[in-house]
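Student: One file is attached below, upload.txt, containing compact mmCIF, C-alpha atoms.
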```txt
# COMPACT_ATOMS: atom_id res chain seq x y z
CA MET A 254 175.23 7.99 -13.43
CA ALA A 255 177.12 4.91 -12.34
CA ASP A 256 177.51 2.12 -14.86
CA PRO A 257 175.52 -1.13 -14.56
CA VAL A 258 178.58 -3.24 -13.73
CA PHE A 259 179.31 -1.03 -10.75
CA ILE A 260 175.71 -1.27 -9.53
CA ALA A 261 175.72 -5.07 -9.91
CA VAL A 262 178.96 -5.43 -7.94
CA ALA A 263 177.72 -2.99 -5.29
CA VAL A 264 174.47 -4.91 -4.80
CA LEU A 265 176.39 -8.21 -4.63
CA THR A 266 178.88 -6.89 -2.08
CA VAL A 267 176.41 -5.13 0.22
CA GLY A 268 173.80 -7.88 -0.06
CA THR A 269 176.18 -10.69 0.80
CA ALA A 270 177.65 -8.59 3.63
CA ILE A 271 174.16 -8.39 5.15
CA ILE A 272 173.61 -12.12 4.56
CA ALA A 273 176.96 -12.85 6.27
CA LEU A 274 175.68 -11.21 9.43
CA GLU A 275 172.06 -12.33 9.28
CA ALA A 276 172.22 -15.89 7.88
CA ARG A 277 170.73 -18.38 10.31
CA GLU A 278 173.56 -20.87 9.85
CA LEU A 279 177.09 -19.66 10.39
CA VAL A 280 178.49 -21.76 7.52
CA TYR A 281 176.27 -19.93 5.04
CA GLY A 282 177.39 -16.68 6.67
CA ALA A 283 181.03 -17.61 6.09
CA VAL A 284 180.35 -18.41 2.42
CA ALA A 285 178.44 -15.14 2.02
CA LEU A 286 181.39 -13.28 3.57
CA ALA A 287 183.70 -14.90 1.01
CA ILE A 288 181.40 -13.75 -1.82
CA SER A 289 181.36 -10.25 -0.33
CA MET A 290 185.18 -10.20 -0.35
CA LEU A 291 185.02 -11.34 -3.99
CA GLY A 292 182.78 -8.34 -4.67
CA ILE A 293 185.38 -6.06 -3.10
CA ALA A 294 187.95 -7.64 -5.44
CA GLY A 295 185.57 -6.76 -8.28
CA PHE A 296 185.61 -3.14 -7.13
CA PHE A 297 189.41 -3.22 -7.18
CA LEU A 298 189.26 -4.43 -10.78
CA LEU A 299 186.85 -1.60 -11.63
CA LEU A 300 189.38 0.79 -10.07
CA ASP A 301 192.13 -0.51 -12.39
CA ALA A 302 194.00 -2.19 -9.54
CA PRO A 303 194.30 -5.81 -10.77
CA PHE A 304 197.26 -6.57 -8.51
CA VAL A 305 195.38 -5.63 -5.35
CA ALA A 306 192.34 -7.54 -6.65
CA MET A 307 194.41 -10.73 -7.10
CA PHE A 308 195.92 -10.26 -3.66
CA GLN A 309 192.44 -9.79 -2.20
CA ILE A 310 191.17 -12.99 -3.86
CA ALA A 311 194.24 -14.99 -2.78
CA VAL A 312 194.19 -13.80 0.83
CA TYR A 313 190.50 -13.36 1.60
CA VAL A 314 188.70 -15.85 -0.59
CA GLY A 315 191.57 -18.33 -0.56
CA ALA A 316 192.90 -18.20 3.00
CA VAL A 317 190.59 -16.31 5.34
CA ALA A 318 187.34 -17.86 4.10
CA VAL A 319 188.75 -21.40 4.35
CA LEU A 320 190.08 -20.65 7.86
CA VAL A 321 186.69 -19.31 8.97
CA ILE A 322 184.80 -22.27 7.50
CA PHE A 323 187.14 -24.72 9.26
CA THR A 324 186.65 -22.91 12.57
CA VAL A 325 182.89 -22.91 12.13
CA MET A 326 183.03 -26.66 11.58
CA LEU A 327 185.23 -27.17 14.66
CA VAL A 328 182.83 -25.33 16.92
CA ARG A 329 179.92 -27.47 18.04
CA THR A 330 176.88 -26.75 15.87
CA GLN A 331 174.57 -26.26 18.82
CA ALA A 332 176.61 -23.29 20.02
CA LEU A 333 176.10 -21.60 16.68
CA PHE A 334 172.35 -21.37 17.01
CA THR A 335 172.22 -19.56 20.34
CA THR A 336 171.01 -16.25 19.01
CA LYS A 337 169.92 -14.47 22.14
CA GLU A 338 169.71 -11.02 20.63
CA ASP A 339 166.58 -9.18 21.68
CA ARG A 340 164.40 -6.99 19.51
CA LYS A 341 165.35 -3.77 21.29
CA ARG A 342 169.04 -4.32 20.76
CA LYS A 343 168.52 -5.09 17.10
CA GLY A 344 166.35 -2.00 16.63
CA ALA A 345 168.95 0.17 18.31
CA GLY A 346 171.66 -1.34 16.08
CA ILE A 347 169.66 -0.64 12.90
CA ALA A 348 168.95 2.92 14.11
CA LEU A 349 172.67 3.47 14.76
CA MET A 350 173.48 2.09 11.31
CA LEU A 351 171.00 4.43 9.64
CA ILE A 352 172.24 7.43 11.65
CA ILE A 353 175.84 6.73 10.61
CA MET A 354 174.82 6.27 6.98
CA ALA A 355 172.69 9.44 6.90
CA SER A 356 175.13 11.72 8.70
CA LEU A 357 178.31 10.62 6.96
CA GLY A 358 176.44 10.31 3.64
CA THR A 359 175.22 13.90 3.73
CA LEU A 360 178.72 14.96 4.77
CA LEU A 361 180.19 13.12 1.76
CA LEU A 362 177.64 14.52 -0.67
CA ALA A 363 178.21 18.04 0.63
CA SER A 364 182.01 17.74 0.45
CA GLY A 365 184.26 18.60 -2.47
CA LEU A 366 184.66 14.88 -3.21
CA ASN A 367 181.30 14.93 -5.00
CA GLY A 368 181.94 15.31 -8.71
CA GLN A 369 185.05 15.08 -10.81
CA VAL A 370 188.02 14.39 -8.55
CA GLY A 371 191.62 14.29 -9.77
CA ASN A 372 192.27 11.70 -12.42
CA PHE A 373 189.07 9.73 -11.79
CA GLY A 374 187.59 8.61 -15.10
CA GLY A 375 190.80 9.29 -17.01
CA PRO A 376 193.36 6.65 -17.98
CA SER A 377 194.90 4.76 -15.07
CA LEU A 378 198.29 6.18 -14.16
CA VAL A 379 199.13 3.60 -11.47
CA ASN A 380 200.58 0.27 -12.55
CA PHE A 381 202.04 -2.54 -10.53
CA ASN A 382 205.61 -1.65 -11.48
CA GLN A 383 205.21 1.42 -9.30
CA ILE A 384 203.73 -0.67 -6.47
CA GLY A 385 206.61 -3.14 -6.63
CA GLU A 386 209.14 -0.35 -6.66
CA LEU A 387 207.53 1.37 -3.67
CA MET A 388 207.37 -1.92 -1.75
CA LEU A 389 211.03 -2.73 -2.32
CA THR A 390 212.45 0.75 -1.80
CA TYR A 391 210.52 3.19 0.37
CA TYR A 392 208.37 0.60 2.15
CA ALA A 393 211.02 -2.13 2.40
CA PRO A 394 211.30 -1.90 6.23
CA ALA A 395 207.51 -2.03 6.48
CA LEU A 396 207.51 -5.13 4.27
CA ILE A 397 210.04 -6.87 6.54
CA ILE A 398 208.09 -5.94 9.67
CA LEU A 399 204.95 -7.19 7.96
CA GLY A 400 206.59 -10.54 7.32
CA LEU A 401 207.66 -10.79 10.94
CA THR A 402 204.13 -9.84 12.06
CA LEU A 403 202.62 -12.56 9.90
CA ALA A 404 205.07 -15.14 11.21
CA GLY A 405 204.34 -14.02 14.77
CA ALA A 406 200.60 -14.22 14.16
CA VAL A 407 200.84 -17.74 12.76
CA ILE A 408 202.97 -18.91 15.70
CA ALA A 409 200.60 -17.17 18.14
CA ALA A 410 197.57 -18.81 16.57
CA LEU A 411 199.25 -22.23 16.71
CA SER A 412 200.23 -21.84 20.36
CA LEU A 413 196.75 -20.56 21.23
CA ALA A 414 195.02 -23.53 19.65
CA ARG A 415 197.48 -26.04 21.17
CA ARG A 416 196.06 -28.64 23.53
CA GLU A 417 198.47 -29.37 26.33
CA ASP A 418 196.28 -32.01 27.94
CA LEU A 419 196.46 -34.17 24.82
CA GLU A 420 200.21 -33.78 24.45
CA GLN A 421 201.02 -35.00 27.93
CA THR A 422 199.34 -38.36 27.41
CA THR A 423 201.42 -39.21 24.35
CA MET B 113 182.39 5.44 -15.61
CA SER B 114 181.53 5.74 -11.96
CA GLU B 115 182.78 8.58 -9.82
CA LEU B 116 184.82 8.54 -6.65
CA ILE B 117 181.73 9.39 -4.61
CA ASP B 118 180.03 6.11 -5.65
CA PHE B 119 182.86 4.05 -4.21
CA LEU B 120 182.88 6.17 -1.07
CA ILE B 121 179.15 5.62 -0.57
CA VAL B 122 179.46 1.84 -1.02
CA SER B 123 182.30 1.88 1.50
CA LEU B 124 180.20 3.93 3.91
CA VAL B 125 177.33 1.44 3.64
CA LEU B 126 179.72 -1.45 4.33
CA VAL B 127 181.16 0.34 7.39
CA ALA B 128 177.64 0.99 8.69
CA ILE B 129 176.73 -2.69 8.24
CA GLY B 130 179.90 -3.70 10.06
CA ILE B 131 179.17 -1.38 12.98
CA TYR B 132 175.62 -2.74 13.14
CA GLY B 133 177.05 -6.27 13.35
CA LEU B 134 179.51 -5.29 16.07
CA VAL B 135 176.75 -3.65 18.12
CA VAL B 136 174.00 -6.25 17.74
CA LYS B 137 175.67 -9.64 17.34
CA ARG B 138 176.94 -11.54 20.35
CA ASN B 139 178.40 -14.46 18.44
CA ALA B 140 182.19 -14.03 18.42
CA ILE B 141 182.59 -15.35 14.85
CA ARG B 142 179.96 -12.93 13.57
CA MET B 143 181.78 -10.07 15.29
CA LEU B 144 184.93 -11.17 13.44
CA PHE B 145 182.90 -11.06 10.19
CA SER B 146 181.90 -7.47 11.02
CA ILE B 147 185.52 -6.48 11.60
CA GLU B 148 186.44 -8.02 8.24
CA ILE B 149 183.69 -6.08 6.47
CA ILE B 150 184.89 -2.80 8.02
CA ALA B 151 188.53 -3.54 7.09
CA ASN B 152 187.51 -4.25 3.50
CA ALA B 153 185.54 -1.02 3.29
CA ALA B 154 188.68 0.84 4.42
CA ASN B 155 190.74 -0.94 1.72
CA LEU B 156 188.16 0.06 -0.87
CA VAL B 157 188.53 3.74 0.08
CA LEU B 158 192.33 3.47 -0.06
CA VAL B 159 192.30 2.00 -3.56
CA ALA B 160 189.62 4.44 -4.76
CA PHE B 161 191.67 7.45 -3.68
CA SER B 162 194.80 5.83 -5.12
CA ARG B 163 192.99 5.69 -8.48
CA GLY B 164 191.79 9.26 -8.28
CA LEU B 165 194.88 11.12 -7.08
CA PRO B 166 196.69 9.15 -8.83
CA ASN B 167 199.24 7.74 -6.44
CA ALA B 168 200.55 4.17 -6.09
CA GLN B 169 201.00 4.53 -2.31
CA GLY B 170 197.30 3.96 -1.70
CA GLN B 171 197.41 0.55 -3.38
CA THR B 172 200.62 -0.35 -1.55
CA PHE B 173 199.03 0.52 1.75
CA ALA B 174 195.94 -1.53 0.82
CA LEU B 175 198.20 -4.55 0.20
CA PHE B 176 199.78 -4.15 3.65
CA SER B 177 196.34 -3.73 5.17
CA ILE B 178 195.07 -6.97 3.57
CA ALA B 179 198.07 -8.91 4.91
CA ILE B 180 197.60 -7.51 8.43
CA ALA B 181 193.89 -8.39 8.29
CA ALA B 182 194.80 -11.99 7.43
CA ALA B 183 197.09 -12.18 10.49
CA GLU B 184 194.32 -10.69 12.62
CA VAL B 185 191.85 -13.32 11.44
CA ALA B 186 194.29 -16.13 12.29
CA VAL B 187 194.79 -14.86 15.84
CA GLY B 188 191.09 -14.01 16.26
CA LEU B 189 189.99 -17.50 15.27
CA GLY B 190 192.63 -18.99 17.58
CA LEU B 191 191.20 -16.94 20.44
CA ILE B 192 187.67 -18.05 19.57
CA ILE B 193 188.73 -21.71 19.62
CA VAL B 194 190.39 -21.26 23.03
CA ALA B 195 187.30 -19.47 24.36
CA TYR B 196 185.07 -22.22 22.98
CA ARG B 197 187.22 -24.85 24.68
CA LEU B 198 186.99 -23.02 28.01
CA TYR B 199 183.31 -22.03 27.98
CA LYS B 200 181.74 -24.45 25.44
CA GLU B 201 180.15 -21.32 24.01
CA ILE B 202 181.04 -18.56 21.54
CA ASP B 203 178.55 -16.01 22.86
CA VAL B 204 180.67 -13.07 24.02
CA ALA B 205 178.21 -12.27 26.82
CA GLU B 206 178.98 -15.67 28.34
CA PHE B 207 182.71 -15.04 28.70
CA ARG B 208 182.24 -14.00 32.29
CA SER B 209 185.54 -14.61 33.97
CA MET B 210 187.15 -11.64 32.22
CA ARG B 211 184.53 -9.24 33.60
CA GLY B 212 185.81 -6.74 36.12
```
In C-alpha cells, what does this structure look like?
Tutor:
Amino acid sequence: MADPVFIAVAVLTVGTAIIALEARELVYGAVALAISMLGIAGFFLLLDAPFVAMFQIAVYVGAVAVLVIFTVMLVRTQALFTTKEDRKRKGAGIALMLIIMASLGTLLLASGLNGQVGNFGGPSLVNFNQIGELMLTYYAPALIILGLTLAGAVIAALSLARREDLEQTT
Amino acid sequence: MSELIDFLIVSLVLVAIGIYGLVVKRNAIRMLFSIEIIANAANLVLVAFSRGLPNAQGQTFALFSIAIAAAEVAVGLGLIIVAYRLYKEIDVAEFRSMRG
C-alpha cells in the first residue's frame, strides 16, 4: 500500500494537471501547471533525488511558469476565451485517454515491474556526487551541446519575437 | 514506502491527460501545457527507474531533459507570439496559411 504522502502528492499533481487543461481562464491554467510541476518535484523528493527536485523547481516553477504567465498576459484576453471545441471531439479525447490508461495500465500491472524491483524501498544508493561526476566526465560533451542548444533557443526566441516594423521607425 | 509501479501508474495517468489535451484542445498555449505534462511524466519515469536500479544515469538524463524542455518552451512561446501577431488568434485551427 502506498503511503499517504505519495497519495497526496499524486492527487495534487494529477488534479492540477487536469485543471491546467480545463480551467476557463488561461492564467489560472498556467498557475495550475506550475503547481503540477511542483508536485512532480515532490515526487522527485520522494524518490530521494533532491538535486533533480531543486532543478525542477528552479527551471519549471521559476522560469517556465513565469514565461508562460507573461505570454498569456501578452496575448489579448479575448483570444483566450475562444473555446470552439465540440462535444464529440471532447468525448473522443476522453475515450482515447481512458483506452490508453486501461491498455497500458493492464500491461504495467501484468509486467514484472509490479512488486519489488531492484533497490526500490532500500536505502538510496544514488547521490549527487555521482551525478556531478557523470555530468563532467562521461556526459561532458552532452553538457556542452546542451549549453549551446539553450543559447540557440534563447536567441531563436528573441529573434522570433522581434518586431521589425517598430525598429525601423526609431 | 511506495513501489515503482505506483510512480509508473501516476506517470501513465499524466501521459494520458497530456494526450487528451493534445487531441482535444485547439488553443496553442494549452497544447504547450499538454506537451509539458507529458515531458514531466517522462522525467518522473526516468528518476523512478534511477532510484530502483540504482543508477545515477537516469537522474542525469532527467536533468538534461528538463533543460531541453525549458528551451522548447522558450521557442514554443516565441512561435505562439509570432502566430498571434500574424493571425490575432491562438486557435491552431485558424492558422490557415500553412495548410497544404
Student: Would you mind reading off the distance between atom CA of Leu403 of chain A and atom CA of Asn382 of chain A, one decimal, in Å?
Tutor: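 A separation of 24.2 Å between them.
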Student: Using Å and a single decimal, report how far atom CA of Val185 of chain B sits from atom CA of Ala395 of chain A.
Tutor: 19.9 Å
Student: What is the distance, in Å and to one decimal place, between atom CA of Ile260 of chain A and atom CA of Phe176 of chain B?
Tutor: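 The value is 27.6 Å.
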Student: Rank nothing, just name the residue among A:Leu327, A:Ala263, A:Val379, A:Ile288 nearest to Leu156 of chain B, using only C-alpha atoms.
Tutor: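 Closest residue, counting only C-alpha atoms: A:Ala263.
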Student: Dump as a ChimeraX atom specification the residues of chain A that approach chain B to within 7 Å, counting all atoms listed in the file.
Tutor: /A:254-256,263,267,271,274,297,300,305,309,312,317,324,332,338,342-343,346-347,350,353-354,358,366-374,377-379,383-384,388,403,406-407,409-410,413-414
Student: Could you write those residues out with C-alpha atoms, as a PDB file, in the frame of the given file?
Tutor:
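Saved the output as result_36.pdb:
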```pdb
ATOM      1  CA  MET A 254     175.230   7.990 -13.430  1.00  0.00           C
ATOM      2  CA  ALA A 255     177.120   4.910 -12.340  1.00  0.00           C
ATOM      3  CA  ASP A 256     177.510   2.120 -14.860  1.00  0.00           C
ATOM      4  CA  ALA A 263     177.720  -2.990  -5.290  1.00  0.00           C
ATOM      5  CA  VAL A 267     176.410  -5.130   0.220  1.00  0.00           C
ATOM      6  CA  ILE A 271     174.160  -8.390   5.150  1.00  0.00           C
ATOM      7  CA  LEU A 274     175.680 -11.210   9.430  1.00  0.00           C
ATOM      8  CA  PHE A 297     189.410  -3.220  -7.180  1.00  0.00           C
ATOM      9  CA  LEU A 300     189.380   0.790 -10.070  1.00  0.00           C
ATOM     10  CA  VAL A 305     195.380  -5.630  -5.350  1.00  0.00           C
ATOM     11  CA  GLN A 309     192.440  -9.790  -2.200  1.00  0.00           C
ATOM     12  CA  VAL A 312     194.190 -13.800   0.830  1.00  0.00           C
ATOM     13  CA  VAL A 317     190.590 -16.310   5.340  1.00  0.00           C
ATOM     14  CA  THR A 324     186.650 -22.910  12.570  1.00  0.00           C
ATOM     15  CA  ALA A 332     176.610 -23.290  20.020  1.00  0.00           C
ATOM     16  CA  GLU A 338     169.710 -11.020  20.630  1.00  0.00           C
ATOM     17  CA  ARG A 342     169.040  -4.320  20.760  1.00  0.00           C
ATOM     18  CA  LYS A 343     168.520  -5.090  17.100  1.00  0.00           C
ATOM     19  CA  GLY A 346     171.660  -1.340  16.080  1.00  0.00           C
ATOM     20  CA  ILE A 347     169.660  -0.640  12.900  1.00  0.00           C
ATOM     21  CA  MET A 350     173.480   2.090  11.310  1.00  0.00           C
ATOM     22  CA  ILE A 353     175.840   6.730  10.610  1.00  0.00           C
ATOM     23  CA  MET A 354     174.820   6.270   6.980  1.00  0.00           C
ATOM     24  CA  GLY A 358     176.440  10.310   3.640  1.00  0.00           C
ATOM     25  CA  LEU A 366     184.660  14.880  -3.210  1.00  0.00           C
ATOM     26  CA  ASN A 367     181.300  14.930  -5.000  1.00  0.00           C
ATOM     27  CA  GLY A 368     181.940  15.310  -8.710  1.00  0.00           C
ATOM     28  CA  GLN A 369     185.050  15.080 -10.810  1.00  0.00           C
ATOM     29  CA  VAL A 370     188.020  14.390  -8.550  1.00  0.00           C
ATOM     30  CA  GLY A 371     191.620  14.290  -9.770  1.00  0.00           C
ATOM     31  CA  ASN A 372     192.270  11.700 -12.420  1.00  0.00           C
ATOM     32  CA  PHE A 373     189.070   9.730 -11.790  1.00  0.00           C
ATOM     33  CA  GLY A 374     187.590   8.610 -15.100  1.00  0.00           C
ATOM     34  CA  SER A 377     194.900   4.760 -15.070  1.00  0.00           C
ATOM     35  CA  LEU A 378     198.290   6.180 -14.160  1.00  0.00           C
ATOM     36  CA  VAL A 379     199.130   3.600 -11.470  1.00  0.00           C
ATOM     37  CA  GLN A 383     205.210   1.420  -9.300  1.00  0.00           C
ATOM     38  CA  ILE A 384     203.730  -0.670  -6.470  1.00  0.00           C
ATOM     39  CA  MET A 388     207.370  -1.920  -1.750  1.00  0.00           C
ATOM     40  CA  LEU A 403     202.620 -12.560   9.900  1.00  0.00           C
ATOM     41  CA  ALA A 406     200.600 -14.220  14.160  1.00  0.00           C
ATOM     42  CA  VAL A 407     200.840 -17.740  12.760  1.00  0.00           C
ATOM     43  CA  ALA A 409     200.600 -17.170  18.140  1.00  0.00           C
ATOM     44  CA  ALA A 410     197.570 -18.810  16.570  1.00  0.00           C
ATOM     45  CA  LEU A 413     196.750 -20.560  21.230  1.00  0.00           C
ATOM     46  CA  ALA A 414     195.020 -23.530  19.650  1.00  0.00           C
TER      47      ALA A 414
END
```
Student: Return the single residue from A:Val258, A:Ala287, A:Ala294, A:Met307 that is closest to Ile272 of chain A, with distances computed using all atoms listed in the file.
Tutor: A:Ala287
Student: Compare A:Leu298, A:Pro376, A:Arg277, A:Arg416 by their minimum atom-to-atom distance to Leu198 of chain B, counting only C-alpha atoms, and give me the closest one.
Tutor: A:Arg416
Student: Given all atoms listed in the file as the basis, pick out the residue of A:Ile398, A:Leu291, A:Val284, A:Ile408 nearest to Leu265 of chain A.
Tutor: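 Of all the options, A:Leu291 lies closest to Leu265 of chain A.
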